[in-house]
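First up is the structure itself, then whatever we jot down about it.
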Amino acid sequence: MRHPVRVTNMRDTYTDHVATHTLALVLALARQLPHYVREQAAANWAPDWSDGGVLPLNEARALVVGTGAVGAETGRLLAAFGTHVEGVDARITEAPPGFDRVPPVDLLDRVLPEADIVILALPHTPRTEGLMDADRFALLKQGACLINVGRGPIVRLDDLVTALDSGHLRGAALDVMEQEPLPPDHPLWRHPRALLTPHVAGAGPHAAERRFEVLAENARRFAAGQPLINVVDKSQWF
């Protein structure tokens with residue numbers, strides 16, 4: 001029997017911070033910043049003036065997987081660079097501002113091969129665990145970038161390393177990992193095509209105040225017998 005307790009979360013209290021962090025990761029991969037940071041550490045002057053050295057955002061196609069608050073804001077910011085933005089989402093079908101369209105989530109495998117940039121901004125659920133595995137990495141176009149700011153278990157790291165080693169992917173930027181902290185001997189730490197941040201995309205000011213506002217509002221609504229905000233669908237885990 002399902003337990004009747006209602007669960008709420010702190011959804012949309014750090015959307016701006018995560019979206020900004022996501023855009024920073026996209027820009028870093030597009031402009032080869034991980035490469036140049038490593039060359040700086042070695043005091044090595046190594047400019048890359050080749051046409052493929054830069055991914056021009058105004059010519060790129062981005063696919064945002066998960067178009068909730070974070071995904072929608074990330075897409076809006078990317079669109080300002082002229083990027084062609086699409087999304088897929090299990091619940092949302094109407095395109096948020098900046099998006100060209102949001103096809104049904106069951107078309108994910110059809111739209112993945114079209115994207116130069118794939119951004120994962122979705123929750124960890126039984127359906128999304130291992131979403132990006134060897135089969136789906138094989139669907140990505142040669143030279144695509146992967147960014148994960150959703151949840152670590154969405155991406156199978158062993159399969160990601162294989163895709164990076166083969167050169168199939170231009171790069172990957174991860175704020176969340178399948179295992180956290182990532183073990184010191186994991187190959188992603190030193191991979192030339194990888195950029196890692198330690199689950200800090202949500203870092204920024206006003207977090208405590210924003211969370212308190214949600215808590216206080218739900219306490220007021222509960223006392224008044226009104227519908228709560230940010231209610232979790234327990235069957236879907238979010």
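By convention here, the chains of the structure tokens are called A, B, ... in the order presented, each chain's residues are numbered starting at 1, and ligands are numbered starting at 1 in the order presented.
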Shell of 10 Å around Val65 (chain A), only C-alpha atoms, local chain residues under 5 positions omitted, as a CSV table (one decimal) with N, CA and C atoms, in the first residue's frame:
chain,number,residue,atom,x,y,z
A,71,GLY,N,16.9,23.0,-17.2
A,71,GLY,CA,17.0,22.8,-18.6
A,71,GLY,C,16.5,23.9,-19.4
A,72,ALA,N,15.3,24.4,-19.0
A,72,ALA,CA,14.7,25.5,-19.8
A,72,ALA,C,15.5,26.8,-19.7
A,86,GLU,N,16.9,22.4,-29.0
A,86,GLU,CA,15.8,21.5,-28.9
A,86,GLU,C,15.8,20.8,-27.5
A,87,GLY,N,14.7,20.2,-27.1
A,87,GLY,CA,14.7,19.5,-25.8
A,87,GLY,C,13.8,18.3,-25.9
A,88,VAL,N,14.0,17.4,-25.0
A,88,VAL,CA,13.1,16.3,-24.7
A,88,VAL,C,12.8,16.2,-23.2
A,89,ASP,N,11.6,15.8,-22.9
A,89,ASP,CA,11.2,15.8,-21.5
A,89,ASP,C,10.0,14.8,-21.3
A,90,ALA,N,10.0,14.2,-20.2
A,90,ALA,CA,8.9,13.2,-19.9
A,90,ALA,C,7.6,13.9,-19.7
A,102,VAL,N,10.2,20.7,-28.6
A,102,VAL,CA,10.4,19.7,-27.6
A,102,VAL,C,9.6,18.5,-28.0
A,105,VAL,N,9.6,12.4,-25.5
A,105,VAL,CA,10.9,11.7,-24.9
A,105,VAL,C,11.1,10.4,-25.6
A,108,LEU,N,13.9,10.3,-28.2
A,108,LEU,CA,15.3,10.6,-27.8
A,108,LEU,C,16.4,10.0,-28.8
A,112,LEU,N,19.1,12.4,-30.8
A,112,LEU,CA,20.4,12.4,-30.3
A,112,LEU,C,21.5,12.6,-31.4
A,118,VAL,N,25.0,17.8,-26.2
A,118,VAL,CA,23.9,17.2,-25.4
A,118,VAL,C,24.0,17.5,-24.0
A,119,ILE,N,23.0,18.1,-23.4
A,119,ILE,CA,23.0,18.6,-22.0
A,119,ILE,C,22.0,17.8,-21.2
A,120,LEU,N,22.5,17.1,-20.2
A,120,LEU,CA,21.6,16.3,-19.4
A,120,LEU,C,21.2,17.1,-18.1
A,121,ALA,N,19.9,17.4,-18.0
A,121,ALA,CA,19.5,18.2,-16.8
A,121,ALA,C,18.2,17.5,-16.3
A,122,LEU,N,18.3,16.2,-16.1
A,122,LEU,CA,17.1,15.5,-15.7
A,122,LEU,C,17.4,14.7,-14.4
A,148,ASN,N,26.8,16.9,-18.3
A,148,ASN,CA,25.8,16.4,-17.3
A,148,ASN,C,25.8,17.2,-16.1
A,150,GLY,N,22.7,17.0,-14.3
A,150,GLY,CA,21.5,16.4,-13.7
A,150,GLY,C,21.9,15.5,-12.5
Excluding Ser235 (chain A) and any residue of its chain fewer than 6 positions from it, enumerate the residues within 10 Å of it, using only C-alpha atoms, and give them as a PyMOL selection string.
chain A and resi 2+125-126
Proximity of region 27-145 of chain A to region 176-188 of chain A: per-residue shortest pair, 12 Å limit, only C-alpha atoms, as a Markdown table:
| residue | atom | partner | partner_atom | distance |
| --- | --- | --- | --- | --- |
| A:Leu120 | CA | A:Val176 | CA | 10.3 |
| A:Ala121 | CA | A:Val176 | CA | 10.6 |
| A:Leu122 | CA | A:Val176 | CA | 11.7 |
| A:Pro123 | CA | A:Val176 | CA | 11.4 |
| A:His124 | CA | A:Glu178 | CA | 10.6 |
| A:Glu129 | CA | A:Glu178 | CA | 9.6 |
| A:Gly130 | CA | A:Glu178 | CA | 9.1 |
| A:Leu131 | CA | A:Glu178 | CA | 11.7 |
| A:Met132 | CA | A:Glu178 | CA | 11.3 |
| A:Asp133 | CA | A:Glu178 | CA | 11.9 |
Keeping only N, CA, C and O atoms, write the selected residues as an mmCIF file, in the first residue's frame.
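Here's the written file result.cif:
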data_model
loop_
_atom_site.group_PDB
_atom_site.id
_atom_site.type_symbol
_atom_site.label_atom_id
_atom_site.label_comp_id
_atom_site.auth_asym_id
_atom_site.auth_seq_id
_atom_site.Cartn_x
_atom_site.Cartn_y
_atom_site.Cartn_z
ATOM 1 N N LEU A 120 22.470 17.118 -20.212
ATOM 2 C CA LEU A 120 21.610 16.302 -19.361
ATOM 3 C C LEU A 120 21.244 17.112 -18.124
ATOM 4 O O LEU A 120 22.105 17.483 -17.333
ATOM 5 N N ALA A 121 19.946 17.388 -17.969
ATOM 6 C CA ALA A 121 19.464 18.189 -16.840
ATOM 7 C C ALA A 121 18.223 17.532 -16.253
ATOM 8 O O ALA A 121 17.253 18.207 -15.917
ATOM 9 N N LEU A 122 18.269 16.228 -16.124
ATOM 10 C CA LEU A 122 17.099 15.491 -15.669
ATOM 11 C C LEU A 122 17.403 14.748 -14.371
ATOM 12 O O LEU A 122 18.561 14.541 -14.017
ATOM 13 N N PRO A 123 16.348 14.361 -13.635
ATOM 14 C CA PRO A 123 16.551 13.710 -12.335
ATOM 15 C C PRO A 123 16.938 12.251 -12.487
ATOM 16 O O PRO A 123 16.790 11.643 -13.563
ATOM 17 N N HIS A 124 17.434 11.686 -11.393
ATOM 18 C CA HIS A 124 17.725 10.257 -11.341
ATOM 19 C C HIS A 124 16.458 9.509 -10.962
ATOM 20 O O HIS A 124 15.896 9.707 -9.882
ATOM 21 N N GLU A 129 18.246 6.046 -14.997
ATOM 22 C CA GLU A 129 19.522 5.456 -14.579
ATOM 23 C C GLU A 129 20.176 4.742 -15.766
ATOM 24 O O GLU A 129 19.564 3.917 -16.429
ATOM 25 N N GLY A 130 21.427 5.091 -16.023
ATOM 26 C CA GLY A 130 22.144 4.491 -17.139
ATOM 27 C C GLY A 130 21.631 4.926 -18.500
ATOM 28 O O GLY A 130 21.878 4.254 -19.504
ATOM 29 N N LEU A 131 20.942 6.054 -18.546
ATOM 30 C CA LEU A 131 20.374 6.524 -19.814
ATOM 31 C C LEU A 131 21.446 6.655 -20.891
ATOM 32 O O LEU A 131 21.247 6.256 -22.045
ATOM 33 N N MET A 132 22.575 7.241 -20.524
ATOM 34 C CA MET A 132 23.674 7.395 -21.478
ATOM 35 C C MET A 132 24.672 6.270 -21.260
ATOM 36 O O MET A 132 25.518 6.310 -20.368
ATOM 37 N N ASP A 133 24.536 5.249 -22.094
ATOM 38 C CA ASP A 133 25.421 4.089 -22.032
ATOM 39 C C ASP A 133 26.110 3.930 -23.378
ATOM 40 O O ASP A 133 26.030 4.808 -24.245
#
Strand (DSSP E) per DSSP on the backbone: members of region 5-141 of chain A, as a ChimeraX atom specification
/A:61-65,84-88,117-120
From the set A:Ala224, A:Ala46, A:Ile117, A:Ala208, which residue has the shortest atom-to-atom contact distance to Leu33 (chain A), counting only C-alpha atoms?
A:Ala46
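The closest residue to Gly52 (chain A), picked from A:Gln142, A:Gln40, A:Thr162, A:Thr93 and counting only C-alpha atoms, is A:Gln142.
The spacing separating CA of His21 (chain A) from CA of Pro47 (chain A) amounts to 25.4 Å.
Of the listed residues A:Arg210, A:Arg31, A:Pro153, A:His3, the one whose atoms come nearest to Trp49 (chain A) is A:Arg31, with distances taken using only C-alpha atoms.
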Quick one: pick out all helix (DSSP H, G or I) residues within region 21-92 of chain A from a backbone DSSP run and write them as an mmCIF file with N, CA and C atoms, in the first residue's frame.
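The resulting file, out_21.cif, is shown below:
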data_model
loop_
_atom_site.group_PDB
_atom_site.id
_atom_site.type_symbol
_atom_site.label_atom_id
_atom_site.label_comp_id
_atom_site.auth_asym_id
_atom_site.auth_seq_id
_atom_site.Cartn_x
_atom_site.Cartn_y
_atom_site.Cartn_z
ATOM 1 N N HIS A 21 26.339 27.743 -14.577
ATOM 2 C CA HIS A 21 27.441 26.775 -14.532
ATOM 3 C C HIS A 21 27.435 25.914 -15.792
ATOM 4 N N THR A 22 26.245 25.495 -16.207
ATOM 5 C CA THR A 22 26.132 24.669 -17.403
ATOM 6 C C THR A 22 26.651 25.411 -18.619
ATOM 7 N N LEU A 23 26.283 26.674 -18.739
ATOM 8 C CA LEU A 23 26.757 27.463 -19.871
ATOM 9 C C LEU A 23 28.270 27.611 -19.834
ATOM 10 N N ALA A 24 28.838 27.756 -18.641
ATOM 11 C CA ALA A 24 30.293 27.844 -18.513
ATOM 12 C C ALA A 24 30.952 26.561 -19.015
ATOM 13 N N LEU A 25 30.364 25.411 -18.702
ATOM 14 C CA LEU A 25 30.911 24.138 -19.180
ATOM 15 C C LEU A 25 30.821 24.036 -20.695
ATOM 16 N N VAL A 26 29.696 24.459 -21.248
ATOM 17 C CA VAL A 26 29.536 24.430 -22.706
ATOM 18 C C VAL A 26 30.593 25.305 -23.369
ATOM 19 N N LEU A 27 30.751 26.529 -22.879
ATOM 20 C CA LEU A 27 31.722 27.446 -23.459
ATOM 21 C C LEU A 27 33.144 26.910 -23.335
ATOM 22 N N ALA A 28 33.441 26.280 -22.204
ATOM 23 C CA ALA A 28 34.781 25.728 -22.002
ATOM 24 C C ALA A 28 35.097 24.654 -23.038
ATOM 25 N N LEU A 29 34.139 23.761 -23.303
ATOM 26 C CA LEU A 29 34.377 22.724 -24.301
ATOM 27 C C LEU A 29 34.414 23.313 -25.707
ATOM 28 N N ALA A 30 33.541 24.268 -25.983
ATOM 29 C CA ALA A 30 33.476 24.850 -27.315
ATOM 30 C C ALA A 30 34.771 25.578 -27.678
ATOM 31 N N LEU A 33 38.983 25.136 -23.608
ATOM 32 C CA LEU A 33 39.632 25.630 -22.396
ATOM 33 C C LEU A 33 40.303 24.534 -21.573
ATOM 34 N N PRO A 34 39.732 23.315 -21.463
ATOM 35 C CA PRO A 34 40.471 22.279 -20.725
ATOM 36 C C PRO A 34 41.865 22.030 -21.317
ATOM 37 N N HIS A 35 41.959 22.030 -22.639
ATOM 38 C CA HIS A 35 43.255 21.840 -23.303
ATOM 39 C C HIS A 35 44.220 22.961 -22.926
ATOM 40 N N TYR A 36 43.745 24.197 -22.994
ATOM 41 C CA TYR A 36 44.643 25.315 -22.725
ATOM 42 C C TYR A 36 45.027 25.418 -21.252
ATOM 43 N N VAL A 37 44.140 25.022 -20.368
ATOM 44 C CA VAL A 37 44.493 25.016 -18.943
ATOM 45 C C VAL A 37 45.609 24.009 -18.675
ATOM 46 N N ARG A 38 45.517 22.847 -19.315
ATOM 47 C CA ARG A 38 46.579 21.839 -19.134
ATOM 48 C C ARG A 38 47.902 22.337 -19.721
ATOM 49 N N GLU A 39 47.834 23.005 -20.877
ATOM 50 C CA GLU A 39 49.060 23.535 -21.466
ATOM 51 C C GLU A 39 49.642 24.659 -20.604
ATOM 52 N N GLN A 40 48.782 25.442 -19.980
ATOM 53 C CA GLN A 40 49.259 26.497 -19.084
ATOM 54 C C GLN A 40 50.011 25.894 -17.906
ATOM 55 N N ALA A 41 49.453 24.805 -17.355
ATOM 56 C CA ALA A 41 50.118 24.162 -16.213
ATOM 57 C C ALA A 41 51.507 23.650 -16.582
ATOM 58 N N ASP A 51 40.318 24.869 -38.036
ATOM 59 C CA ASP A 51 38.881 25.109 -38.099
ATOM 60 C C ASP A 51 38.133 24.281 -37.061
ATOM 61 N N GLY A 52 38.616 23.093 -36.781
ATOM 62 C CA GLY A 52 37.951 22.234 -35.812
ATOM 63 C C GLY A 52 38.303 22.538 -34.372
ATOM 64 N N GLY A 53 39.185 23.516 -34.166
ATOM 65 C CA GLY A 53 39.586 23.841 -32.803
ATOM 66 C C GLY A 53 38.488 24.507 -31.994
ATOM 67 N N LEU A 57 29.087 28.257 -31.586
ATOM 68 C CA LEU A 57 27.762 28.053 -30.997
ATOM 69 C C LEU A 57 26.644 28.550 -31.900
ATOM 70 N N ASN A 58 26.924 29.546 -32.731
ATOM 71 C CA ASN A 58 25.874 30.063 -33.605
ATOM 72 C C ASN A 58 25.584 29.137 -34.787
ATOM 73 N N GLU A 59 26.381 28.067 -34.926
ATOM 74 C CA GLU A 59 26.135 27.066 -35.954
ATOM 75 C C GLU A 59 25.793 25.701 -35.354
ATOM 76 N N ALA A 69 13.024 23.405 -14.924
ATOM 77 C CA ALA A 69 13.496 24.766 -14.661
ATOM 78 C C ALA A 69 14.936 24.968 -15.118
ATOM 79 N N VAL A 70 15.834 24.054 -14.736
ATOM 80 C CA VAL A 70 17.253 24.198 -15.095
ATOM 81 C C VAL A 70 17.457 24.046 -16.595
ATOM 82 N N GLY A 71 16.871 22.999 -17.180
ATOM 83 C CA GLY A 71 17.037 22.785 -18.608
ATOM 84 C C GLY A 71 16.469 23.914 -19.436
ATOM 85 N N ALA A 72 15.310 24.431 -19.028
ATOM 86 C CA ALA A 72 14.686 25.522 -19.770
ATOM 87 C C ALA A 72 15.541 26.786 -19.732
ATOM 88 N N GLU A 73 16.083 27.109 -18.562
ATOM 89 C CA GLU A 73 16.914 28.306 -18.446
ATOM 90 C C GLU A 73 18.219 28.135 -19.212
ATOM 91 N N THR A 74 18.783 26.944 -19.171
ATOM 92 C CA THR A 74 20.017 26.688 -19.923
ATOM 93 C C THR A 74 19.779 26.876 -21.419
ATOM 94 N N GLY A 75 18.665 26.356 -21.908
ATOM 95 C CA GLY A 75 18.350 26.513 -23.316
ATOM 96 C C GLY A 75 18.138 27.959 -23.702
ATOM 97 N N ARG A 76 17.500 28.718 -22.823
ATOM 98 C CA ARG A 76 17.282 30.138 -23.107
ATOM 99 C C ARG A 76 18.609 30.872 -23.220
ATOM 100 N N LEU A 77 19.536 30.578 -22.325
ATOM 101 C CA LEU A 77 20.845 31.223 -22.376
ATOM 102 C C LEU A 77 21.613 30.827 -23.638
ATOM 103 N N LEU A 78 21.550 29.565 -23.997
ATOM 104 C CA LEU A 78 22.252 29.105 -25.195
ATOM 105 C C LEU A 78 21.688 29.749 -26.457
ATOM 106 N N ALA A 79 20.386 29.919 -26.495
ATOM 107 C CA ALA A 79 19.753 30.505 -27.670
ATOM 108 C C ALA A 79 20.268 31.912 -27.932
#
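Distances here use only C-alpha atoms; by that measure, the residue among A:Thr20, A:Ser166, A:Gln236, A:Asn218 closest to Ala138 (chain A) is A:Ser166.
Between CA of Pro97 (chain A) and CA of His17 (chain A) the interatomic distance comes to 18.2 Å.
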Determine, counting only C-alpha atoms, which protein, DNA and RNA residues have an atom within 7 Å of an atom of Ala172 (chain A); residues of the same chain fewer than 3 positions away are not included. Present the result as a VMD selection string.
chain A and resid 145 to 147 193 to 195
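Note that CA of His84 (chain A) and CA of Asp12 (chain A) are 24.3 Å apart.
With distances restricted to only C-alpha atoms, A:Val149 is the closest residue to Val18 (chain A) from A:Arg211, A:Ala216, A:Ala115, A:Val149.
The nearest approach to Gly171 (chain A) among the residues A:Asp109, A:Glu209, A:Asp116, A:Glu217, with only C-alpha atoms taken into account, belongs to A:Asp116.
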